[in-house]
>>> print(open('model_34.tsv').read())   # TSV, C-alpha atoms
chain	number	residue	atom	x	y	z
A	4	MET	CA	0.00	0.00	0.00
A	5	ASP	CA	1.30	3.45	-0.91
A	6	THR	CA	0.84	5.39	2.31
A	7	THR	CA	2.13	8.62	0.78
A	8	SER	CA	-1.15	9.05	-1.10
A	9	ALA	CA	-3.39	8.19	1.86
A	10	PRO	CA	-5.21	10.93	3.76
A	11	PRO	CA	-3.05	12.12	6.66
A	12	SER	CA	-3.70	10.51	10.02
A	13	LEU	CA	-2.92	13.02	12.73
A	14	GLY	CA	-3.96	10.94	15.70
A	15	GLY	CA	-1.80	11.83	18.69
A	16	ARG	CA	-0.78	15.17	17.16
A	17	THR	CA	-1.64	18.56	18.62
A	18	ALA	CA	-2.36	21.56	16.41
A	19	LEU	CA	-2.55	25.25	17.25
A	20	VAL	CA	-4.58	27.39	14.85
A	21	THR	CA	-4.83	31.16	15.23
A	22	GLY	CA	-7.83	33.12	14.08
A	23	ALA	CA	-9.61	29.79	14.31
A	24	ALA	CA	-13.16	30.87	15.08
A	25	SER	CA	-14.09	31.83	11.51
A	26	GLY	CA	-13.07	31.74	7.89
A	27	ILE	CA	-9.87	29.95	6.88
A	28	GLY	CA	-8.85	29.31	10.48
A	29	ARG	CA	-12.14	27.62	11.26
A	30	ALA	CA	-11.87	25.43	8.16
A	31	CYS	CA	-8.29	24.47	9.09
A	32	ALA	CA	-9.28	23.61	12.67
A	33	GLU	CA	-12.13	21.45	11.40
A	34	ALA	CA	-9.92	19.66	8.86
A	35	LEU	CA	-7.13	18.97	11.34
A	36	ALA	CA	-9.58	17.69	13.95
A	37	ALA	CA	-11.25	15.44	11.39
A	38	ALA	CA	-7.81	13.96	10.66
A	39	GLY	CA	-7.40	13.13	14.34
A	40	ALA	CA	-5.47	16.07	15.77
A	41	ARG	CA	-6.28	17.73	19.06
A	42	VAL	CA	-6.74	21.41	18.19
A	43	TYR	CA	-6.12	24.56	20.18
A	44	VAL	CA	-8.73	26.96	18.81
A	45	VAL	CA	-7.04	30.34	19.32
A	46	ASP	CA	-9.17	33.41	18.72
A	47	LEU	CA	-10.12	36.78	20.12
A	48	SER	CA	-13.83	35.87	20.09
A	49	ALA	CA	-14.62	33.67	23.09
A	50	GLY	CA	-18.10	32.56	22.05
A	51	PRO	CA	-17.32	31.30	18.53
A	52	ALA	CA	-14.02	29.78	19.68
A	53	GLY	CA	-15.76	27.89	22.46
A	54	GLU	CA	-18.53	26.68	20.18
A	55	LEU	CA	-16.07	25.36	17.61
A	56	ALA	CA	-13.80	23.76	20.20
A	57	ALA	CA	-16.74	21.94	21.77
A	58	ARG	CA	-17.90	20.68	18.39
A	59	ILE	CA	-14.51	19.35	17.21
A	60	GLY	CA	-13.26	18.14	20.59
A	61	GLY	CA	-10.61	20.86	20.83
A	62	THR	CA	-9.61	23.46	23.38
A	63	ALA	CA	-10.61	27.10	23.09
A	64	VAL	CA	-7.88	29.61	23.88
A	65	VAL	CA	-9.01	33.24	23.94
A	66	ALA	CA	-6.13	35.60	23.20
A	67	ASP	CA	-5.47	39.01	21.69
A	68	LEU	CA	-2.51	38.40	19.40
A	69	ALA	CA	-1.72	42.11	19.39
A	70	ASP	CA	-0.66	41.69	23.04
A	71	PRO	CA	2.77	40.02	23.25
A	72	ARG	CA	2.07	38.85	26.81
A	73	ALA	CA	-1.03	36.99	25.61
A	74	VAL	CA	0.94	35.37	22.79
A	75	ASP	CA	3.67	34.28	25.16
A	76	ALA	CA	1.05	32.57	27.33
A	77	LEU	CA	-0.24	30.34	24.51
A	78	PRO	CA	0.35	26.58	24.72
A	79	ASP	CA	3.85	25.52	23.67
A	80	ASP	CA	3.22	21.82	22.95
A	81	ALA	CA	1.86	22.06	19.41
A	82	ASP	CA	3.19	19.68	16.77
A	83	ILE	CA	1.39	21.65	14.05
A	84	VAL	CA	1.10	25.43	13.95
A	85	VAL	CA	-1.22	27.22	11.55
A	86	ASN	CA	-0.50	30.94	11.65
A	87	ASN	CA	-3.71	32.29	10.19
A	88	ALA	CA	-4.95	35.26	12.24
A	89	GLY	CA	-5.07	38.52	10.35
A	90	LEU	CA	-6.79	41.83	9.89
A	91	GLN	CA	-7.01	44.42	7.17
A	92	HIS	CA	-7.18	48.19	6.81
A	93	ILE	CA	-7.69	49.97	3.49
A	94	ALA	CA	-6.20	53.44	3.05
A	95	PRO	CA	-3.68	55.27	0.87
A	96	LEU	CA	-0.18	54.96	2.31
A	97	HIS	CA	0.14	58.68	3.04
A	98	GLU	CA	-3.12	58.55	5.05
A	99	PHE	CA	-2.55	55.17	6.73
A	100	PRO	CA	-2.87	55.41	10.55
A	101	PRO	CA	0.52	54.47	12.05
A	102	GLU	CA	-1.08	52.81	15.07
A	103	ARG	CA	-3.16	50.58	12.76
A	104	PHE	CA	-0.06	49.70	10.75
A	105	ALA	CA	1.75	48.69	13.93
A	106	GLN	CA	-1.20	46.62	15.16
A	107	ILE	CA	-1.31	44.65	11.91
A	108	GLN	CA	2.41	43.87	12.17
A	109	ARG	CA	2.01	42.71	15.78
A	110	VAL	CA	-0.81	40.32	14.90
A	111	MET	CA	0.47	39.06	11.55
A	112	VAL	CA	4.26	39.07	12.01
A	113	GLU	CA	5.31	39.36	15.64
A	114	ALA	CA	2.69	36.91	16.93
A	115	PRO	CA	3.72	34.15	14.47
A	116	PHE	CA	7.36	34.74	15.42
A	117	ARG	CA	6.56	34.46	19.12
A	118	ILE	CA	4.43	31.36	18.57
A	119	LEU	CA	7.19	29.60	16.63
A	120	ARG	CA	9.77	30.67	19.18
A	121	ARG	CA	7.70	28.87	21.84
A	122	THR	CA	6.66	25.77	19.89
A	123	LEU	CA	9.81	24.92	17.91
A	124	PRO	CA	11.69	23.45	20.90
A	125	HIS	CA	8.86	20.90	21.36
A	126	MET	CA	8.90	20.04	17.64
A	127	TYR	CA	12.69	19.71	17.68
A	128	ARG	CA	12.65	17.38	20.68
A	129	GLN	CA	10.29	14.96	18.96
A	130	GLY	CA	11.86	15.27	15.53
A	131	TRP	CA	8.64	16.24	13.75
A	132	GLY	CA	6.68	19.42	13.20
A	133	ARG	CA	4.58	21.19	10.61
A	134	ILE	CA	4.28	24.95	10.25
A	135	VAL	CA	1.63	26.23	7.85
A	136	ASN	CA	1.58	29.99	7.44
A	137	ILE	CA	-1.57	31.31	5.83
A	138	SER	CA	-0.02	34.01	3.73
A	139	SER	CA	-1.72	35.52	0.69
A	140	VAL	CA	-1.22	36.34	-2.92
A	141	HIS	CA	-0.29	39.66	-1.30
A	142	GLY	CA	2.76	37.92	0.13
A	143	LEU	CA	3.91	37.60	-3.50
A	144	ARG	CA	2.32	40.64	-5.11
A	145	ALA	CA	1.27	44.11	-3.98
A	146	SER	CA	-1.96	46.07	-4.30
A	147	PRO	CA	-2.64	49.73	-3.64
A	148	TYR	CA	-4.17	50.88	-0.34
A	149	LYS	CA	-2.95	47.81	1.59
A	150	SER	CA	0.50	48.85	2.76
A	151	ALA	CA	0.25	47.22	6.20
A	152	TYR	CA	-1.24	43.95	4.97
A	153	VAL	CA	1.17	43.58	2.06
A	154	THR	CA	4.12	44.40	4.33
A	155	ALA	CA	3.00	41.85	6.93
A	156	LYS	CA	2.43	39.06	4.41
A	157	HIS	CA	5.83	39.65	2.79
A	158	ALA	CA	7.41	39.50	6.26
A	159	LEU	CA	5.56	36.24	7.03
A	160	GLU	CA	7.06	34.76	3.86
A	161	GLY	CA	10.56	35.55	5.13
A	162	LEU	CA	9.81	34.15	8.58
A	163	SER	CA	8.47	30.95	7.02
A	164	LYS	CA	11.56	30.42	4.87
A	165	THR	CA	13.87	31.01	7.83
A	166	ALA	CA	11.91	28.48	9.90
A	167	ALA	CA	12.18	26.01	7.02
A	168	LEU	CA	15.96	26.27	6.88
A	169	GLU	CA	16.40	26.04	10.63
A	170	GLY	CA	13.80	23.32	11.09
A	171	ALA	CA	14.90	20.94	8.33
A	172	PRO	CA	17.56	19.10	10.40
A	173	HIS	CA	14.91	18.51	13.08
A	174	GLY	CA	12.14	17.08	10.87
A	175	VAL	CA	10.17	20.34	10.83
A	176	THR	CA	8.75	21.80	7.63
A	177	SER	CA	7.50	25.35	7.15
A	178	ASN	CA	5.46	26.54	4.20
A	179	CYS	CA	3.17	29.35	3.13
A	180	VAL	CA	-0.23	28.96	1.53
A	181	ASN	CA	-1.04	31.93	-0.68
A	182	PRO	CA	-4.72	32.33	-1.49
A	183	ALA	CA	-6.29	35.14	-3.44
A	184	TYR	CA	-9.65	36.40	-2.15
A	185	VAL	CA	-11.37	33.82	0.04
A	186	ARG	CA	-15.03	33.93	0.99
A	187	THR	CA	-14.45	34.94	4.63
A	188	PRO	CA	-15.76	37.62	7.00
A	189	LEU	CA	-12.48	39.52	6.48
A	190	VAL	CA	-13.08	39.74	2.73
A	191	GLU	CA	-16.73	40.59	3.19
A	192	ARG	CA	-15.71	43.54	5.36
A	193	GLN	CA	-13.23	44.62	2.69
A	194	ILE	CA	-15.91	45.04	0.07
A	195	ALA	CA	-17.30	48.22	1.64
A	196	ALA	CA	-13.80	49.57	2.32
A	197	GLN	CA	-12.68	48.88	-1.25
A	198	ALA	CA	-15.82	50.52	-2.61
A	199	ALA	CA	-15.04	53.66	-0.64
A	200	ALA	CA	-11.35	53.65	-1.59
A	201	HIS	CA	-12.02	53.20	-5.31
A	202	GLY	CA	-15.24	55.19	-5.51
A	203	ILE	CA	-17.36	52.42	-6.99
A	204	PRO	CA	-20.53	50.67	-5.83
A	205	GLU	CA	-20.07	47.68	-3.53
A	206	ASP	CA	-21.69	45.29	-6.00
A	207	GLU	CA	-18.86	45.99	-8.47
A	208	VAL	CA	-16.00	45.38	-6.04
A	209	VAL	CA	-15.82	41.60	-6.38
A	210	GLU	CA	-15.97	41.56	-10.19
A	211	ARG	CA	-13.88	44.64	-10.98
A	212	ILE	CA	-11.27	44.50	-8.19
A	213	MET	CA	-11.18	41.19	-6.36
A	214	LEU	CA	-11.41	38.98	-9.44
A	215	ASP	CA	-9.79	41.33	-11.93
A	216	ARG	CA	-6.38	39.61	-11.84
A	217	THR	CA	-7.56	36.00	-11.55
A	218	ALA	CA	-8.16	33.61	-14.42
A	219	VAL	CA	-10.69	31.60	-12.39
A	220	LYS	CA	-13.52	34.04	-11.80
A	221	ARG	CA	-14.80	33.09	-8.36
A	222	LEU	CA	-13.86	33.54	-4.74
A	223	ILE	CA	-12.03	30.68	-3.05
A	224	GLU	CA	-13.82	28.70	-0.36
A	225	PRO	CA	-12.14	28.34	3.07
A	226	ALA	CA	-12.32	24.54	2.81
A	227	GLU	CA	-10.12	24.64	-0.30
A	228	VAL	CA	-7.38	26.46	1.60
A	229	ALA	CA	-7.77	24.10	4.57
A	230	ALA	CA	-7.39	21.08	2.30
A	231	LEU	CA	-3.98	22.31	1.18
A	232	ALA	CA	-2.95	23.10	4.75
A	233	LEU	CA	-3.92	19.57	5.77
A	234	TRP	CA	-2.01	18.07	2.84
A	235	LEU	CA	1.13	19.91	3.97
A	236	CYS	CA	0.90	17.87	7.19
A	237	SER	CA	0.77	14.59	5.25
A	238	PRO	CA	3.61	12.18	4.38
A	239	ALA	CA	3.21	13.20	0.72
A	240	ALA	CA	4.44	16.70	1.57
A	241	ALA	CA	7.38	15.72	3.79
A	242	TYR	CA	9.93	17.00	1.26
A	243	ILE	CA	8.18	20.33	0.71
A	244	THR	CA	9.55	23.13	2.86
A	245	GLY	CA	10.32	26.81	2.41
A	246	ALA	CA	7.68	26.94	-0.34
A	247	SER	CA	4.94	29.41	-1.14
A	248	LEU	CA	1.96	27.62	-2.68
A	249	PRO	CA	-0.43	29.91	-4.58
A	250	VAL	CA	-4.14	29.16	-4.44
A	251	ASP	CA	-4.91	32.21	-6.50
A	252	GLY	CA	-6.89	31.21	-9.58
A	253	GLY	CA	-3.96	32.13	-11.81
A	254	TRP	CA	-3.27	35.61	-10.37
A	255	THR	CA	0.50	35.05	-10.19
A	256	ALA	CA	0.60	33.47	-13.64
A	257	TYR	CA	0.39	36.91	-15.24
>>> encode(input="model_34.tsv", output="structure tokens")
Amino acid sequence: MDTTSAPPSLGGRTALVTGAASGIGRACAEALAAAGARVYVVDLSAGPAGELAARIGGTAVVADLADPRAVDALPDDADIVVNNAGLQHIAPLHEFPPERFAQIQRVMVEAPFRILRRTLPHMYRQGWGRIVNISSVHGLRASPYKSAYVTAKHALEGLSKTAALEGAPHGVTSNCVNPAYVRTPLVERQIAAQAAAHGIPEDEVVERIMLDRTAVKRLIEPAEVAALALWLCSPAAAYITGASLPVDGGWTAY
């Protein structure tokens, strides 16, 4: 039997997923739990995190990832880390609020760094670990009005590659998943902001802006991103590390 093509069995593994109460994070938590992992459901929203944790047999961990002390108090025994939590702000660079820029870097760059700093020793001791960083097509390309988000995703790419090089001798892989626009609450909130920034009606935002640079003209579903994240934890992906895997409908093919 060729076990490399079998669905991953994560029984006995522990996963930590940030931003896990909705969107991509929720889909990743569900997929990892279905594969047998015990999941730390890390989110700022206590109610949704608790509901999901109860349903998948995980553990809810309520934390504000913009607070370094809260990040440093997260569990350190994860075999799998999915750095997913993120936020967005749309504004021209010269009008971008500095405090908002800093907050986005704390949540999307510093928090992943602190989480890996805490969990890598456990992975190294057991000789196995999987780091899946939910980056974005904006980790590979830029768009106007998103200076903080684009900066953070590019930084996450660098962090992921560094973790890949350091982790390889210890059986730890680190990769980025790079989706274009996913049907999540974050994207839904962007529609109004993009409409205001570009001066167009909201009903034109998806077609004219979000799907303008993709060959496949639809939003991605969270479960599609989660399926790739789960595959990166499988034996079939053991030799893949330091990679950035676009799930972008052809955006980066141009």
>>> residues_around(input="model_34.tsv", residues="Ile93 (chain A)", least_positions_apart="6", cutoff="10 Å", atoms="only C-alpha atoms", output="PyMOL selection string")
chain A and resi 99+147-152+193+195-197+199-200
>>> atom_distance(input="model_34.tsv", atom1="CA of Gly39 (chain A)", atom2="CA of Glu169 (chain A)")
27.3 Å
>>> closest_residue(input="model_34.tsv", among="A:Glu205, A:Glu113, A:Asp82, A:Asp251", to="Gly174 (chain A)", atoms="all atoms listed in the file")
A:Asp82
>>> residues_around(input="model_34.tsv", residues="Ala30 (chain A)", least_positions_apart="4", cutoff="7 Å", atoms="all atoms listed in the file", output="number ranges by chain")
A: 26, 34, 225-226, 229
>>> write_last_selection(input="model_34.tsv", atoms="C-alpha atoms", output="mmCIF file, in the coordinates of the input")
data_model
loop_
_atom_site.group_PDB
_atom_site.id
_atom_site.type_symbol
_atom_site.label_atom_id
_atom_site.label_comp_id
_atom_site.auth_asym_id
_atom_site.auth_seq_id
_atom_site.Cartn_x
_atom_site.Cartn_y
_atom_site.Cartn_z
ATOM 1 C CA GLY A 26 -13.070 31.740 7.890
ATOM 2 C CA ALA A 34 -9.920 19.660 8.860
ATOM 3 C CA PRO A 225 -12.140 28.340 3.070
ATOM 4 C CA ALA A 226 -12.320 24.540 2.810
ATOM 5 C CA ALA A 229 -7.770 24.100 4.570
#
>>> atom_distance(input="model_34.tsv", atom1="CA of Ile223 (chain A)", atom2="CA of Val74 (chain A)")
29.3 Å
>>> residues_around(input="model_34.tsv", residues="Val140 (chain A)", least_positions_apart="6", cutoff="9 Å", atoms="all atoms listed in the file", output="PyMOL selection string")
chain A and resi 156+180-184+249-251+254-255
>>> closest_residue(input="model_34.tsv", among="A:Ile118, A:Ala52, A:Tyr43, A:His92", to="Ala76 (chain A)", atoms="all atoms listed in the file")
A:Ile118
>>> atom_distance(input="model_34.tsv", atom1="CA of Met213 (chain A)", atom2="CA of Arg29 (chain A)")
22.3 Å
>>> residues_around(input="model_34.tsv", residues="Ile243 (chain A)", least_positions_apart="6", cutoff="9 Å", atoms="all atoms listed in the file", output="list in words")
Thr176, Ser177, Asn178 and Leu235 of chain A
>>> write_last_selection(input="model_34.tsv", atoms="C-alpha atoms", output="compact mmCIF listing (two decimals), in the frame of the given file")
# COMPACT_ATOMS: atom_id res chain seq x y z
CA THR A 176 8.75 21.80 7.63
CA SER A 177 7.50 25.35 7.15
CA ASN A 178 5.46 26.54 4.20
CA LEU A 235 1.13 19.91 3.97
